[in-house]
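Participant: Following this line is target37.csv, made up of CSV, C-alpha atoms:
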chain,number,residue,atom,x,y,z
A,1,PHE,CA,14.4,4.4,-11.8
A,2,LEU,CA,14.1,4.2,-8.0
A,3,LEU,CA,12.1,1.0,-8.2
A,4,TRP,CA,14.8,-0.5,-10.3
A,5,GLN,CA,17.6,0.9,-8.1
A,6,LYS,CA,16.1,-0.5,-4.9
A,7,LEU,CA,15.2,-4.0,-6.3
A,8,ARG,CA,17.7,-4.7,-9.0
A,9,GLU,CA,19.8,-7.0,-6.8
A,10,ASP,CA,16.9,-9.2,-5.9
A,11,TYR,CA,15.0,-9.3,-9.2
A,12,GLU,CA,15.7,-9.3,-13.0
A,13,PRO,CA,16.2,-5.6,-14.1
A,14,GLU,CA,14.4,-6.1,-17.3
A,15,GLN,CA,11.3,-7.5,-15.4
A,16,LEU,CA,11.5,-4.4,-13.1
A,17,PHE,CA,11.2,-2.1,-16.1
A,18,THR,CA,8.4,-4.1,-17.6
A,19,LEU,CA,6.6,-4.0,-14.2
A,20,TRP,CA,7.0,-0.3,-14.0
A,21,LEU,CA,5.5,0.2,-17.4
A,22,TRP,CA,2.6,-2.0,-16.6
A,23,LEU,CA,2.0,-0.2,-13.3
A,24,VAL,CA,1.8,3.1,-15.1
A,25,VAL,CA,-0.7,1.8,-17.6
A,26,VAL,CA,-2.7,0.0,-14.9
A,27,ALA,CA,-2.8,3.1,-12.7
A,28,TRP,CA,-4.0,5.2,-15.6
A,29,LEU,CA,-6.7,2.7,-16.5
A,30,GLY,CA,-7.6,2.2,-12.8
A,31,SER,CA,-8.2,5.9,-12.3
A,32,GLY,CA,-10.2,6.2,-15.5
A,33,VAL,CA,-12.4,3.2,-14.7
A,34,TRP,CA,-12.9,4.6,-11.1
A,35,VAL,CA,-14.0,7.9,-12.5
A,36,TRP,CA,-16.4,6.2,-15.0
A,37,TRP,CA,-17.8,3.8,-12.3
A,38,THR,CA,-18.2,6.2,-9.5
A,39,ASN,CA,-19.1,9.2,-11.7
A,40,ASN,CA,-16.8,11.6,-9.8
A,41,LEU,CA,-13.4,13.0,-10.5
A,42,ARG,CA,-11.7,11.6,-7.3
A,43,GLN,CA,-9.3,9.1,-8.9
A,44,THR,CA,-7.1,8.2,-5.9
A,45,TRP,CA,-8.7,4.8,-5.2
A,46,GLY,CA,-8.6,3.7,-8.8
A,47,ALA,CA,-5.0,4.8,-9.2
A,48,LEU,CA,-4.1,2.7,-6.1
A,49,ILE,CA,-6.3,-0.4,-6.0
A,50,LEU,CA,-5.8,-1.7,-9.5
A,51,PRO,CA,-2.0,-1.3,-9.4
A,52,LEU,CA,-1.9,-3.0,-6.0
A,53,LEU,CA,-3.9,-5.9,-7.4
A,54,PHE,CA,-1.6,-6.0,-10.5
A,55,LEU,CA,1.5,-5.9,-8.2
A,56,LEU,CA,0.0,-8.9,-6.3
A,57,TYR,CA,-0.6,-10.8,-9.6
A,58,TRP,CA,2.9,-10.0,-10.8
A,59,SER,CA,4.5,-11.1,-7.6
A,60,ARG,CA,2.7,-14.4,-7.6
A,61,LYS,CA,3.4,-15.0,-11.3
A,62,TYR,CA,7.1,-14.4,-11.0
A,63,LYS,CA,7.4,-15.7,-7.4
A,64,TRP,CA,8.5,-12.3,-6.1
A,65,ASP,CA,8.1,-11.3,-2.4
A,66,PHE,CA,5.0,-9.1,-2.6
A,67,TRP,CA,5.7,-7.5,0.7
A,68,GLN,CA,9.3,-6.6,-0.2
A,69,VAL,CA,8.1,-5.0,-3.5
A,70,LEU,CA,5.3,-3.2,-1.7
A,71,ASP,CA,7.8,-1.7,0.8
A,72,VAL,CA,9.5,0.0,-2.2
A,73,PHE,CA,6.4,0.7,-4.3
A,74,GLY,CA,4.3,2.3,-1.6
A,75,PRO,CA,6.7,5.2,-0.6
A,76,LEU,CA,7.5,5.8,-4.3
A,77,THR,CA,3.9,6.3,-5.1
A,78,LEU,CA,3.7,8.9,-2.3
A,79,ALA,CA,6.6,10.7,-3.9
A,80,VAL,CA,4.9,10.6,-7.3
A,81,ILE,CA,1.6,12.0,-5.9
A,82,THR,CA,3.5,14.7,-4.0
A,83,LEU,CA,5.5,15.9,-7.0
A,84,ALA,CA,2.3,15.7,-9.2
A,85,ALA,CA,0.3,17.8,-6.7
A,86,LEU,CA,3.1,20.4,-6.5
A,87,GLY,CA,3.1,20.6,-10.3
A,88,TRP,CA,-0.7,21.0,-10.6
A,89,GLY,CA,-0.8,24.3,-8.8
A,90,PRO,CA,-1.3,25.9,-5.4
A,91,ASN,CA,-4.9,24.5,-4.9
A,92,LEU,CA,-3.5,21.0,-4.2
A,93,TRP,CA,-1.1,21.9,-1.4
A,94,GLN,CA,-3.0,19.7,1.0
A,95,ILE,CA,-2.3,16.6,-1.1
A,96,ALA,CA,1.4,17.6,-1.4
A,97,LEU,CA,1.5,18.1,2.4
A,98,ALA,CA,-0.2,14.7,3.1
A,99,GLY,CA,2.2,13.0,0.6
A,100,THR,CA,5.2,14.6,2.2
A,101,GLY,CA,4.0,13.6,5.6
A,102,GLY,CA,3.6,10.1,4.3
A,103,ILE,CA,7.1,10.0,2.9
A,104,VAL,CA,8.5,11.1,6.3
A,105,ALA,CA,6.3,8.5,8.1
A,106,THR,CA,7.4,5.7,5.8
A,107,SER,CA,11.0,6.7,6.1
A,108,ILE,CA,10.8,6.6,9.9
A,109,VAL,CA,9.0,3.2,9.8
A,110,ARG,CA,11.6,1.8,7.4
A,111,HIS,CA,14.5,3.0,9.6
A,112,PHE,CA,13.1,1.7,12.9
A,113,TYR,CA,10.5,-1.0,12.5
A,114,ARG,CA,12.9,-3.9,12.9
A,115,ARG,CA,13.8,-2.6,16.4
A,116,TRP,CA,10.2,-2.3,17.6
A,117,HIS,CA,9.3,-4.9,20.2
A,118,TRP,CA,5.6,-5.1,19.2
A,119,TYR,CA,6.6,-5.9,15.6
A,120,ARG,CA,8.5,-8.9,16.7
A,121,SER,CA,8.7,-10.7,13.3
A,122,GLY,CA,10.6,-7.9,11.6
A,123,ARG,CA,9.1,-9.1,8.3
A,124,SER,CA,8.8,-6.7,5.3
A,125,GLY,CA,5.5,-5.2,4.4
A,126,LEU,CA,5.0,-2.7,7.2
A,127,VAL,CA,6.4,0.2,5.2
A,128,GLY,CA,4.2,-0.5,2.2
A,129,LEU,CA,1.1,-0.9,4.5
A,130,VAL,CA,1.8,2.5,6.1
A,131,ALA,CA,2.1,4.0,2.6
A,132,VAL,CA,-1.3,2.5,1.6
A,133,LEU,CA,-2.7,4.0,4.8
A,134,VAL,CA,-1.3,7.4,3.9
A,135,TRP,CA,-3.0,7.0,0.5
A,136,GLY,CA,-6.3,6.7,2.4
A,137,ILE,CA,-5.5,9.9,4.2
A,138,ILE,CA,-4.8,11.6,0.8
A,139,ASN,CA,-8.2,10.2,-0.4
A,140,LEU,CA,-9.9,11.9,2.6
A,141,VAL,CA,-8.2,15.2,1.7
A,142,VAL,CA,-9.2,15.0,-1.9
A,143,ALA,CA,-12.7,14.0,-1.1
A,144,ASN,CA,-13.1,16.8,1.5
A,145,PHE,CA,-14.0,14.3,4.2
A,146,HIS,CA,-17.2,13.2,2.4
A,147,LEU,CA,-19.0,10.3,4.1
A,148,TRP,CA,-18.0,7.7,1.6
A,149,ALA,CA,-14.3,8.7,2.0
A,150,VAL,CA,-14.6,8.4,5.8
A,151,TYR,CA,-16.1,4.9,5.6
A,152,SER,CA,-13.6,3.7,3.0
A,153,MET,CA,-10.8,5.0,5.2
A,154,MET,CA,-12.3,3.2,8.2
A,155,TRP,CA,-12.5,-0.1,6.4
A,156,MET,CA,-9.1,0.3,4.9
A,157,SER,CA,-7.7,1.0,8.4
A,158,ILE,CA,-9.2,-2.1,9.8
A,159,VAL,CA,-7.9,-4.3,6.9
A,160,ILE,CA,-4.4,-2.7,7.2
A,161,GLY,CA,-4.4,-3.1,11.0
A,162,VAL,CA,-5.2,-6.8,10.7
A,163,ALA,CA,-2.5,-7.2,8.0
A,164,ILE,CA,0.0,-5.5,10.3
A,165,TYR,CA,-1.1,-7.6,13.2
A,166,ILE,CA,-0.6,-10.8,11.2
A,167,ARG,CA,2.7,-9.7,9.6
A,168,SER,CA,4.0,-8.9,13.1
A,169,GLY,CA,4.1,-12.6,13.8
A,170,ARG,CA,0.9,-12.8,15.8
A,171,GLN,CA,-2.1,-15.0,15.0
A,172,ILE,CA,-5.7,-14.0,14.9
A,173,SER,CA,-6.7,-17.3,16.4
A,174,HIS,CA,-5.3,-16.1,19.7
A,175,LEU,CA,-7.9,-13.4,19.9
A,176,TRP,CA,-10.8,-15.7,20.5
A,177,PRO,CA,-11.0,-19.3,21.6
A,178,SER,CA,-11.6,-22.1,19.1
A,179,LYS,CA,-15.0,-23.8,19.2
A,180,ASN,CA,-13.3,-27.1,18.6
A,181,LYS,CA,-11.3,-27.0,21.9
A,182,LYS,CA,-12.9,-28.7,24.9
A,183,VAL,CA,-13.0,-26.7,28.0
A,184,ALA,CA,-11.8,-28.6,31.1
A,185,LYS,CA,-14.4,-28.7,33.9
A,186,ALA,CA,-13.3,-27.4,37.2
Can I see the file as structure tokens?
Facilitator:
Amino acid sequence: FLLWQKLREDYEPEQLFTLWLWLVVVAWLGSGVWVWWTNNLRQTWGALILPLLFLLYWSRKYKWDFWQVLDVFGPLTLAVITLAALGWGPNLWQIALAGTGGIVATSIVRHFYRRWHWYRSGRSGLVGLVAVLVWGIINLVVANFHLWAVYSMMWMSIVIGVAIYIRSGRQISHLWPSKNKKVAKA
């Protein structure tokens, strides 16, 4: 309902409902495939990666703005994981706490990011990327800081950092000189 409510003015409401249904199915399949492939019960990556890829596919197919949809989808997934963790019992309070912190963080980012000088483009996508970063933190909590979770969080942080840098209006080519440019001799 919240996905439909936030995006109904920009996109066809019937397609939003269809997207939601597909995202639920894909998240369920993704978590099942992840458990089967990795042979452990930590489903967070499978429940996130496959729906993100499907969201990217859907956005390209129907010519939607992926970043705008991600800005709505990301925080909503944090709300779902928080409510689910609260419903599962007291042993998952860490997940509920991390999810609640993520909801607060994405709300602050959503409210202020267009005013930040360093994010000069003001383009959408920052809220969703922060939400994905919080999912990585939730994965660390679920995995009890196992080595693979730390490494996956490190790589995900690097990828998200580069995406934020590019979305902010900066170019990676400015970080190092091009080999094609001729250097003037002094």
Participant: Work out how far apart CA of Ala47 (chain A) and CA of Trp28 (chain A) are and give it in Å to one decimal.
Facilitator: 6.5 Å
Participant: Using CA of His146 (chain A) and CA of Phe73 (chain A) as the two end points, give the distance in Å to one decimal.
Facilitator: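 Separating CA of His146 (chain A) from CA of Phe73 (chain A) is a distance of 27.5 Å.
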Participant: Pick out the closest residue to Ala79 (chain A) from this set: A:Gly169, A:Ala131, A:Trp116, A:Trp67. Count all atoms listed in the file.
Facilitator: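 Looking at the shortest contact to Ala79 (chain A), the residue is A:Ala131.
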Participant: For Arg167 (chain A), please output as a list in words all residues within 12 Å (counting all atoms listed in the file; exclusion window: fewer than 6 positions along the same chain).
Facilitator: Trp67, Trp118, Tyr119, Arg120, Ser121, Gly122, Arg123, Ser124, Gly125, Leu126, Val127, Gly128, Leu129, Ile160 and Gly161 of chain A
Participant: Kindly indicate which residue among A:Tyr11, A:Ser157, A:Thr100, A:Val26 lies nearest to Ser59 (chain A), using all atoms listed in the file for the distances.
Facilitator: A:Tyr11
Participant: Please indicate the distance in Å from CA of Pro75 (chain A) to CA of Thr106 (chain A), rounded to one decimal place.
Facilitator: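 Computing it gives 6.5 Å between the two atoms.
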Participant: Do a neighbour search on Phe17 (chain A) at 10 Å with only C-alpha atoms, toss out local chain neighbours closer than 5 positions, and write the hits as a ChimeraX atom specification.
Facilitator: /A:1,3-4,8,12,22-23
Participant: Tell me which of A:Val72, A:Leu83, A:Ala163, A:Ala96 sits closest to Ile137 (chain A), counting all atoms listed in the file.
Facilitator: A:Ala96
Participant: Nearest to Val33 (chain A) among A:Val132, A:Val109, A:Ile49, A:Leu19, with distances taken over only C-alpha atoms: which residue is it?
Facilitator: A:Ile49
Participant: Any idea what's packed within 10 Å of Gln94 (chain A), counting only C-alpha atoms, ignoring anything in its chain fewer than 5 positions away? Could you give it as a PyMOL selection string?
Facilitator: chain A and resi 82+85-86+99-100+138+141-142
Participant: Could you check the closest approach to Lys6 (chain A) for each of A:Tyr113, A:Val104, A:Gln68, A:Gly32 and tell me which residue wins, using all atoms listed in the file?
Facilitator: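 When distances to Lys6 (chain A) are compared using all atoms listed in the file, the smallest one comes from A:Gln68.
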Participant: Find the spatial neighbours of Trp135 (chain A), counting all atoms listed in the file, within a cut-off of 9 Å - ignore same-chain residues fewer than 2 positions away - and output them as an NGL selection string.
Facilitator: :A and (44-45 or 48 or 74 or 77-78 or 98-99 or 102 or 130-133 or 137-140)
Participant: Give me the residues near Leu55 (chain A) as a count of residues only, where near means some atom within 9 Å (using all atoms listed in the file) and where sequence neighbours in that chain fewer than 3 positions away do not count.
Facilitator: 11
